[in-house]
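Undergrad: Following this line is my_file16.cif, made up of mmCIF, C-alpha atoms:
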data_target
#
loop_
_atom_site.label_atom_id
_atom_site.label_comp_id
_atom_site.auth_asym_id
_atom_site.auth_seq_id
_atom_site.Cartn_x
_atom_site.Cartn_y
_atom_site.Cartn_z
CA MET A 1 117.42 98.26 110.51
CA THR A 2 117.47 102.07 110.65
CA ARG A 3 116.02 104.62 108.28
CA PRO A 4 118.40 104.81 105.31
CA ALA A 5 120.23 107.98 104.35
CA SER A 6 120.44 106.87 100.71
CA PRO A 7 117.49 105.62 98.62
CA VAL A 8 116.27 102.10 98.28
CA LEU A 9 117.03 100.85 94.77
CA VAL A 10 114.18 98.95 93.09
CA ILE A 11 115.12 97.16 89.87
CA GLY A 12 112.52 96.00 87.40
CA GLU A 13 109.86 96.55 84.81
CA CYS A 14 107.24 99.19 84.30
CA VAL A 15 104.04 97.99 82.61
CA ALA A 16 101.00 99.89 81.35
CA ASP A 17 98.07 97.88 82.77
CA ILE A 18 95.10 98.07 80.40
CA VAL A 19 92.27 97.10 82.74
CA ARG A 20 89.29 95.46 81.03
CA SER A 21 86.24 94.53 83.09
CA GLY A 22 83.43 94.38 80.50
CA GLU A 23 81.74 97.27 82.29
CA GLY A 24 82.67 100.44 80.43
CA PRO A 25 85.80 101.41 78.47
CA ASP A 26 89.30 100.10 79.12
CA ARG A 27 91.27 101.97 81.78
CA VAL A 28 95.06 102.38 81.58
CA HIS A 29 96.90 102.31 84.90
CA PRO A 30 100.65 102.58 85.53
CA GLY A 31 101.86 99.18 86.70
CA GLY A 32 104.58 96.56 86.76
CA SER A 33 105.35 94.84 90.05
CA PRO A 34 108.73 96.49 90.80
CA ALA A 35 107.41 99.89 89.70
CA ASN A 36 104.41 99.43 92.01
CA VAL A 37 106.72 98.59 94.91
CA ALA A 38 108.81 101.70 94.22
CA TYR A 39 105.66 103.83 94.09
CA GLY A 40 104.34 102.24 97.29
CA LEU A 41 107.59 102.90 99.14
CA ALA A 42 107.62 106.52 98.01
CA ARG A 43 103.97 106.96 99.10
CA LEU A 44 105.03 105.78 102.55
CA GLY A 45 107.85 108.32 102.67
CA ARG A 46 110.79 106.09 101.81
CA PRO A 47 113.44 107.58 99.44
CA VAL A 48 113.52 105.30 96.38
CA THR A 49 115.13 105.04 92.96
CA LEU A 50 113.69 102.81 90.23
CA LEU A 51 116.11 101.33 87.70
CA THR A 52 113.95 100.36 84.73
CA GLU A 53 113.31 100.93 81.03
CA LEU A 54 110.56 102.92 79.30
CA GLY A 55 109.54 103.54 75.71
CA PRO A 56 109.31 107.03 74.14
CA ASP A 57 105.51 106.82 74.00
CA ALA A 58 102.36 107.92 75.79
CA ASN A 59 102.41 104.95 78.17
CA GLY A 60 106.01 105.68 79.09
CA ARG A 61 105.20 109.31 79.84
CA LEU A 62 102.16 108.27 81.88
CA ILE A 63 104.20 105.87 84.01
CA ARG A 64 107.11 108.28 84.54
CA GLU A 65 104.78 111.10 85.62
CA HIS A 66 102.93 108.72 87.95
CA LEU A 67 106.12 107.55 89.65
CA GLU A 68 107.64 111.00 89.92
CA SER A 69 104.40 112.36 91.42
CA ALA A 70 105.11 110.21 94.49
CA GLY A 71 108.77 111.18 94.64
CA VAL A 72 110.33 108.15 92.90
CA LEU A 73 113.62 108.96 91.14
CA VAL A 74 113.24 107.20 87.78
CA ARG A 75 116.42 105.99 86.13
CA ALA A 76 115.20 104.53 82.83
CA ALA A 77 116.98 103.08 79.83
CA GLU A 78 115.09 103.65 76.58
CA ALA A 79 113.14 100.68 75.20
CA ALA A 80 111.53 100.39 71.78
CA ARG A 81 108.12 100.66 73.46
CA THR A 82 106.73 100.62 76.95
CA PRO A 83 105.56 97.14 77.99
CA SER A 84 101.83 96.64 78.43
CA ALA A 85 99.46 94.06 79.85
CA VAL A 86 95.76 93.58 79.27
CA VAL A 87 94.26 92.95 82.71
CA GLU A 88 90.92 91.14 82.60
CA LEU A 89 88.91 91.11 85.83
CA ASP A 90 86.49 88.39 86.86
CA GLY A 91 83.36 88.92 88.95
CA GLN A 92 85.39 88.98 92.19
CA GLY A 93 87.89 91.53 90.89
CA ARG A 94 90.67 88.96 90.43
CA ALA A 95 93.06 89.78 87.63
CA ARG A 96 94.24 87.73 84.64
CA TYR A 97 97.08 89.17 82.54
CA THR A 98 98.00 89.02 78.84
CA PHE A 99 101.43 90.57 78.29
CA ASP A 100 103.18 92.47 75.53
CA ILE A 101 106.61 92.86 77.05
CA ARG A 102 110.33 92.62 76.36
CA TRP A 103 112.95 93.21 79.05
CA THR A 104 116.28 94.38 77.67
CA LEU A 105 117.84 96.41 80.51
CA PRO A 106 121.53 97.08 79.68
CA PRO A 107 124.30 96.62 82.26
CA ALA A 108 124.17 99.30 84.95
CA GLU A 109 126.66 100.77 87.40
CA LEU A 110 125.99 102.53 90.68
CA THR A 111 127.89 105.55 91.98
CA GLU A 112 127.30 104.41 95.57
CA PRO A 113 125.70 101.39 97.25
CA PRO A 114 121.97 101.85 97.92
CA ALA A 115 120.44 101.46 101.36
CA ALA A 116 118.69 98.31 100.13
CA ILE A 117 117.75 96.60 96.86
CA HIS A 118 114.43 95.15 95.78
CA LEU A 119 114.01 93.05 92.66
CA GLY A 120 111.34 90.86 91.28
CA SER A 121 108.87 89.62 88.75
CA ILE A 122 109.58 89.59 85.02
CA ALA A 123 112.82 91.58 85.28
CA ALA A 124 114.55 89.04 87.50
CA VAL A 125 114.03 86.01 85.25
CA THR A 126 113.54 87.26 81.67
CA ASP A 127 116.61 87.61 79.46
CA PRO A 128 118.39 89.53 78.15
CA GLY A 129 117.66 92.12 80.85
CA ALA A 130 117.70 89.63 83.73
CA ALA A 131 121.42 89.13 83.22
CA SER A 132 122.03 92.81 83.97
CA VAL A 133 119.78 92.67 87.04
CA LEU A 134 121.49 89.61 88.48
CA ALA A 135 125.00 90.92 87.78
CA LEU A 136 124.23 94.05 89.80
CA VAL A 137 122.58 92.13 92.63
CA GLU A 138 125.37 89.57 92.82
CA HIS A 139 127.91 92.41 92.98
CA LEU A 140 126.17 93.83 96.06
CA HIS A 141 125.14 90.53 97.68
CA GLY A 142 126.35 90.43 101.29
CA ARG A 143 126.88 94.21 101.43
CA THR A 144 123.35 95.51 100.91
CA PRO A 145 120.01 94.09 102.14
CA ILE A 146 118.19 92.47 99.23
CA SER A 147 114.49 91.63 98.90
CA TYR A 148 112.74 89.64 96.19
CA ASP A 149 109.21 88.92 95.03
CA PRO A 150 108.91 86.37 92.19
CA ASN A 151 105.40 87.64 91.30
CA VAL A 152 105.04 84.69 88.93
CA ARG A 153 103.57 85.31 85.48
CA PRO A 154 103.22 81.80 83.98
CA ALA A 155 102.82 83.06 80.40
CA LEU A 156 106.31 84.59 80.59
CA MET A 157 108.14 82.03 82.74
CA GLY A 158 108.88 79.34 80.16
CA ASP A 159 109.09 75.74 81.35
CA ARG A 160 108.43 75.21 85.05
CA ALA A 161 111.72 73.50 85.88
CA GLY A 162 113.73 76.32 84.35
CA ALA A 163 111.58 78.90 86.08
CA VAL A 164 112.12 77.23 89.45
CA ARG A 165 115.90 77.32 88.93
CA ARG A 166 115.82 81.03 88.07
CA VAL A 167 113.54 81.88 91.00
CA GLU A 168 115.62 79.89 93.47
CA ARG A 169 118.77 81.65 92.28
CA CYS A 170 117.13 84.97 93.20
CA VAL A 171 115.88 83.54 96.51
CA ALA A 172 119.44 82.50 97.40
CA LEU A 173 120.68 86.07 96.79
CA SER A 174 118.03 87.62 99.02
CA ASP A 175 117.63 88.43 102.69
CA LEU A 176 113.84 88.79 102.52
CA VAL A 177 111.52 86.98 100.09
CA LYS A 178 107.79 87.47 99.65
CA ALA A 179 105.53 85.30 97.49
CA SER A 180 101.83 84.59 97.10
CA ASP A 181 100.25 81.19 97.55
CA GLU A 182 99.38 81.34 93.83
CA ASP A 183 103.07 81.88 92.97
CA LEU A 184 104.02 78.85 95.01
CA ALA A 185 101.23 76.69 93.59
CA TRP A 186 102.56 77.26 90.07
CA LEU A 187 106.22 76.79 90.96
CA TYR A 188 105.70 73.74 93.22
CA PRO A 189 102.36 72.07 92.39
CA GLY A 190 100.85 70.20 95.32
CA GLU A 191 103.31 71.46 97.94
CA ARG A 192 102.13 73.35 101.02
CA PRO A 193 103.20 77.00 101.25
CA GLU A 194 104.75 76.28 104.66
CA ALA A 195 106.95 73.58 103.14
CA VAL A 196 108.11 75.86 100.34
CA ALA A 197 108.88 78.63 102.82
CA GLU A 198 111.04 76.21 104.80
CA ARG A 199 112.86 75.13 101.63
CA TRP A 200 113.54 78.72 100.64
CA LEU A 201 114.84 79.62 104.09
CA ALA A 202 117.40 76.85 103.69
CA LEU A 203 118.71 78.63 100.56
CA GLY A 204 119.75 81.72 102.55
CA PRO A 205 117.04 84.33 103.28
CA SER A 206 116.43 85.36 106.87
CA VAL A 207 112.68 85.89 106.30
CA VAL A 208 110.14 84.39 103.90
CA ALA A 209 106.63 85.91 103.84
CA VAL A 210 103.69 84.29 102.03
CA THR A 211 100.39 85.98 101.24
CA LEU A 212 97.27 83.80 101.28
CA GLY A 213 94.59 86.04 99.78
CA ALA A 214 91.50 86.12 101.97
CA GLU A 215 93.35 84.00 104.56
CA GLY A 216 95.87 86.73 105.33
CA ALA A 217 99.61 86.05 105.41
CA PHE A 218 102.37 84.42 107.39
CA ALA A 219 106.11 84.92 107.72
CA ARG A 220 108.81 82.52 108.82
CA THR A 221 112.37 83.19 109.87
CA ALA A 222 115.58 81.24 109.48
CA GLU A 223 115.72 80.97 113.30
CA GLY A 224 112.43 79.06 113.34
CA GLY A 225 110.07 81.90 114.22
CA ARG A 226 106.62 82.19 112.68
CA VAL A 227 104.01 84.95 112.75
CA ALA A 228 100.68 85.26 110.97
CA ALA A 229 98.16 88.02 110.30
CA PRO A 230 94.54 87.73 109.19
CA ALA A 231 93.33 89.54 106.11
CA VAL A 232 91.55 92.85 106.64
CA PRO A 233 87.99 92.49 105.27
CA VAL A 234 87.15 95.16 102.67
CA PRO A 235 84.90 95.41 99.61
CA VAL A 236 87.05 94.38 96.64
CA ALA A 237 87.37 96.73 93.67
CA ASP A 238 90.15 94.60 92.15
CA THR A 239 93.31 92.82 93.28
CA VAL A 240 95.70 94.68 90.96
CA GLY A 241 98.83 95.71 92.88
CA ALA A 242 97.76 94.25 96.23
CA GLY A 243 100.85 92.09 96.59
CA ASP A 244 103.09 95.01 95.65
CA SER A 245 101.48 97.21 98.30
CA PHE A 246 102.05 94.39 100.79
CA MET A 247 105.72 94.25 99.77
CA ALA A 248 106.24 98.01 100.00
CA ALA A 249 104.62 98.29 103.42
CA PHE A 250 106.55 95.27 104.74
CA LEU A 251 109.87 96.70 103.52
CA HIS A 252 109.09 100.15 104.89
CA ALA A 253 108.12 98.79 108.30
CA ARG A 254 111.14 96.51 108.50
CA ALA A 255 113.53 99.32 107.52
CA GLY A 256 111.98 101.41 110.28
CA GLY A 257 112.77 98.77 112.90
CA ALA A 258 109.32 97.21 113.37
CA ASP A 259 109.22 93.61 114.58
CA LEU A 260 108.05 90.87 112.25
CA SER A 261 104.50 90.78 113.55
CA ALA A 262 104.09 94.55 113.10
CA CYS A 263 105.59 94.34 109.62
CA LEU A 264 103.05 91.70 108.64
CA THR A 265 100.12 93.62 110.12
CA ARG A 266 101.08 96.79 108.29
CA ALA A 267 101.57 94.87 105.06
CA VAL A 268 98.17 93.12 105.08
CA THR A 269 96.51 96.44 105.96
CA ALA A 270 98.21 98.19 103.03
CA ALA A 271 97.11 95.38 100.72
CA ALA A 272 93.52 95.71 101.92
CA LEU A 273 93.48 99.45 101.28
CA THR A 274 94.72 98.74 97.75
CA VAL A 275 92.15 96.10 96.81
CA ALA A 276 89.37 98.42 97.99
CA ARG A 277 90.07 100.81 95.11
CA PRO A 278 90.79 100.32 91.40
CA GLY A 279 94.28 99.72 90.05
CA ALA A 280 97.66 99.58 91.77
CA ASN A 281 96.91 102.46 94.14
CA PRO A 282 98.80 101.89 97.41
CA PRO A 283 98.13 103.91 100.55
CA SER A 284 99.98 106.99 101.67
CA ALA A 285 101.68 107.00 105.06
CA ALA A 286 98.74 108.94 106.50
CA GLU A 287 96.16 106.52 105.08
CA LEU A 288 98.01 103.50 106.41
CA ALA A 289 98.47 105.09 109.84
CA ALA A 290 94.76 105.93 110.00
CA ALA A 291 93.73 102.38 109.05
CA LEU A 292 96.06 100.88 111.67
CA ALA A 293 94.77 103.29 114.32
CA GLU A 294 91.19 102.39 113.45
CA ALA A 295 92.00 98.70 113.78
CA ASP A 296 93.68 99.30 117.14
CA GLY A 297 90.58 101.18 118.31
CA ARG A 298 88.31 98.29 117.39
CA GLU A 299 90.49 95.83 119.30
CA SER A 300 90.82 97.93 122.46
#
Output the structure of this file as structure tokens.
TA:
Amino acid sequence: MTRPASPVLVIGECVADIVRSGEGPDRVHPGGSPANVAYGLARLGRPVTLLTELGPDANGRLIREHLESAGVLVRAAEAARTPSAVVELDGQGRARYTFDIRWTLPPAELTEPPAAIHLGSIAAVTDPGAASVLALVEHLHGRTPISYDPNVRPALMGDRAGAVRRVERCVALSDLVKASDEDLAWLYPGERPEAVAERWLALGPSVVAVTLGAEGAFARTAEGGRVAAPAVPVPVADTVGAGDSFMAAFLHARAGGADLSACLTRAVTAAALTVARPGANPPSAAELAAALAEADGRES
């Protein structure tokens, strides 16, 4: 894949993350998995447009300003209010979410095909907006590279069997799929991540990547290839946005022509830089390059 002349199109929700740790006042951070991926791509220098919806409120203004500060072109339908999520952190910085969200994205048309499409999380499976997302993705399926991250939120997924059907529909439309081991454990209780990755590859993607928390990540290809990368040890501030930083770095590296092993290494490094600081705060291109150079120096 070569560097695109037109922007990547990310489709999905913006969420105001109200971070509550029990140590001091609540902190409001711009969030939402697709919005975080768009922000992460822009921080790495990738042209990106976010198709989303925002309310005419303080949280909506905060999120728009945050995204535009990195260079994201925000194309937002107006919602009654900006979605929010109370994020409660445990002693290890792991996040638990309580959502106040509706997803009502209207049908959208594009003036020209994007360089690539990324979709995921709530927006891909929650009606009525999910119907608009899937109609657009299905229209471009086979003509534009598509990536997907289910970023499972059990409280919003409904019954498990229905959720699995919706997720697998998105998997089948995608060229690249990323999921966490926690996503897979909820969708397919008791099944090994490797087995789920193999099942998903049979649905159509060329690559499935799975993050394993402190155990790093692996990626498998439809041709039978497999690569793995260890996690980068860092002090954990919180895990908010780590998977989205992983996704953005993986997509950026892959679009730049990096091989699968390099994509995975860059992705786990970006995730580590994110968990080392509060909120969904992905690295810039310079920060990621410096961290990779430091790691290379230690290994040489």
Undergrad: Tell me which residues the PyMOL selection byres ((chain A and resi 46) around 10) grabs here, as an mmCIF file with C-alpha atoms, in the coordinates of the input.
TA:
data_model
loop_
_atom_site.group_PDB
_atom_site.id
_atom_site.type_symbol
_atom_site.label_atom_id
_atom_site.label_comp_id
_atom_site.auth_asym_id
_atom_site.auth_seq_id
_atom_site.Cartn_x
_atom_site.Cartn_y
_atom_site.Cartn_z
ATOM 1 C CA ARG A 3 116.020 104.620 108.280
ATOM 2 C CA PRO A 4 118.400 104.810 105.310
ATOM 3 C CA ALA A 5 120.230 107.980 104.350
ATOM 4 C CA SER A 6 120.440 106.870 100.710
ATOM 5 C CA PRO A 7 117.490 105.620 98.620
ATOM 6 C CA VAL A 8 116.270 102.100 98.280
ATOM 7 C CA ALA A 38 108.810 101.700 94.220
ATOM 8 C CA TYR A 39 105.660 103.830 94.090
ATOM 9 C CA GLY A 40 104.340 102.240 97.290
ATOM 10 C CA LEU A 41 107.590 102.900 99.140
ATOM 11 C CA ALA A 42 107.620 106.520 98.010
ATOM 12 C CA ARG A 43 103.970 106.960 99.100
ATOM 13 C CA LEU A 44 105.030 105.780 102.550
ATOM 14 C CA GLY A 45 107.850 108.320 102.670
ATOM 15 C CA PRO A 47 113.440 107.580 99.440
ATOM 16 C CA VAL A 48 113.520 105.300 96.380
ATOM 17 C CA THR A 49 115.130 105.040 92.960
ATOM 18 C CA GLY A 71 108.770 111.180 94.640
ATOM 19 C CA VAL A 72 110.330 108.150 92.900
ATOM 20 C CA ALA A 248 106.240 98.010 100.000
ATOM 21 C CA LEU A 251 109.870 96.700 103.520
ATOM 22 C CA HIS A 252 109.090 100.150 104.890
ATOM 23 C CA ALA A 255 113.530 99.320 107.520
ATOM 24 C CA GLY A 256 111.980 101.410 110.280
ATOM 25 C CA ALA A 285 101.680 107.000 105.060
#
Undergrad: For the file shown, report as a PyMOL selection string the outcome of the PyMOL selection byres ((chain A and resi 220-232) around 9) at residue level.
TA: chain A and resi 194+197-198+201-202+204-210+212-219+233-234+260-261+264-265+268-269+271-273
Undergrad: Using all atoms listed in the file, which of A:Ala35, A:Cys170, A:Ala195, A:Ala85 sits nearest Glu68 of chain A?
TA: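 When distances to Glu68 of chain A are compared using all atoms listed in the file, the smallest one comes from A:Ala35.
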Undergrad: Which residue is closest to Val240 of chain A? Choose from A:Val87, A:Leu203, A:Ala77, A:Ile63 and count only C-alpha atoms.
TA: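 The answer is A:Val87, which sits nearest to Val240 of chain A.
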Undergrad: Write out as a PyMOL selection string each polymer residue whose atoms come within 8 Å of Thr239 of chain A, counting all atoms listed in the file; drop sequence neighbours fewer than 4 positions from it.
TA: chain A and resi 93-95+274-275+279
Undergrad: Separation of atom CA of Asp26 of chain A and atom CA of Ser245 of chain A, in Å?
TA: 22.9 Å
Undergrad: Pick from A:His141, A:Ile11, A:Ala70, A:Glu88: nearest to Ser284 of chain A, with only C-alpha atoms counted?
TA: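 Looking at the shortest contact to Ser284 of chain A, the residue is A:Ala70.
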Undergrad: Could you list the residues chosen by the PyMOL selection byres ((chain A and resi 288) around 10) in this structure as a PDB file with C-alpha atoms, in the coordinates of the input?
TA:
ATOM      1  CA  LEU A  44     105.030 105.780 102.550  1.00  0.00           C
ATOM      2  CA  ALA A 249     104.620  98.290 103.420  1.00  0.00           C
ATOM      3  CA  ARG A 266     101.080  96.790 108.290  1.00  0.00           C
ATOM      4  CA  ALA A 267     101.570  94.870 105.060  1.00  0.00           C
ATOM      5  CA  THR A 269      96.510  96.440 105.960  1.00  0.00           C
ATOM      6  CA  ALA A 270      98.210  98.190 103.030  1.00  0.00           C
ATOM      7  CA  ALA A 271      97.110  95.380 100.720  1.00  0.00           C
ATOM      8  CA  LEU A 273      93.480  99.450 101.280  1.00  0.00           C
ATOM      9  CA  PRO A 282      98.800 101.890  97.410  1.00  0.00           C
ATOM     10  CA  PRO A 283      98.130 103.910 100.550  1.00  0.00           C
ATOM     11  CA  SER A 284      99.980 106.990 101.670  1.00  0.00           C
ATOM     12  CA  ALA A 285     101.680 107.000 105.060  1.00  0.00           C
ATOM     13  CA  ALA A 286      98.740 108.940 106.500  1.00  0.00           C
ATOM     14  CA  GLU A 287      96.160 106.520 105.080  1.00  0.00           C
ATOM     15  CA  ALA A 289      98.470 105.090 109.840  1.00  0.00           C
ATOM     16  CA  ALA A 290      94.760 105.930 110.000  1.00  0.00           C
ATOM     17  CA  ALA A 291      93.730 102.380 109.050  1.00  0.00           C
ATOM     18  CA  LEU A 292      96.060 100.880 111.670  1.00  0.00           C
ATOM     19  CA  ALA A 293      94.770 103.290 114.320  1.00  0.00           C
ATOM     20  CA  GLU A 294      91.190 102.390 113.450  1.00  0.00           C
TER      21      GLU A 294
END
Undergrad: One decimal, in Å: what's the spacing between atom CA of Ser132 of chain A and atom CA of Pro106 of chain A?
TA: 6.1 Å
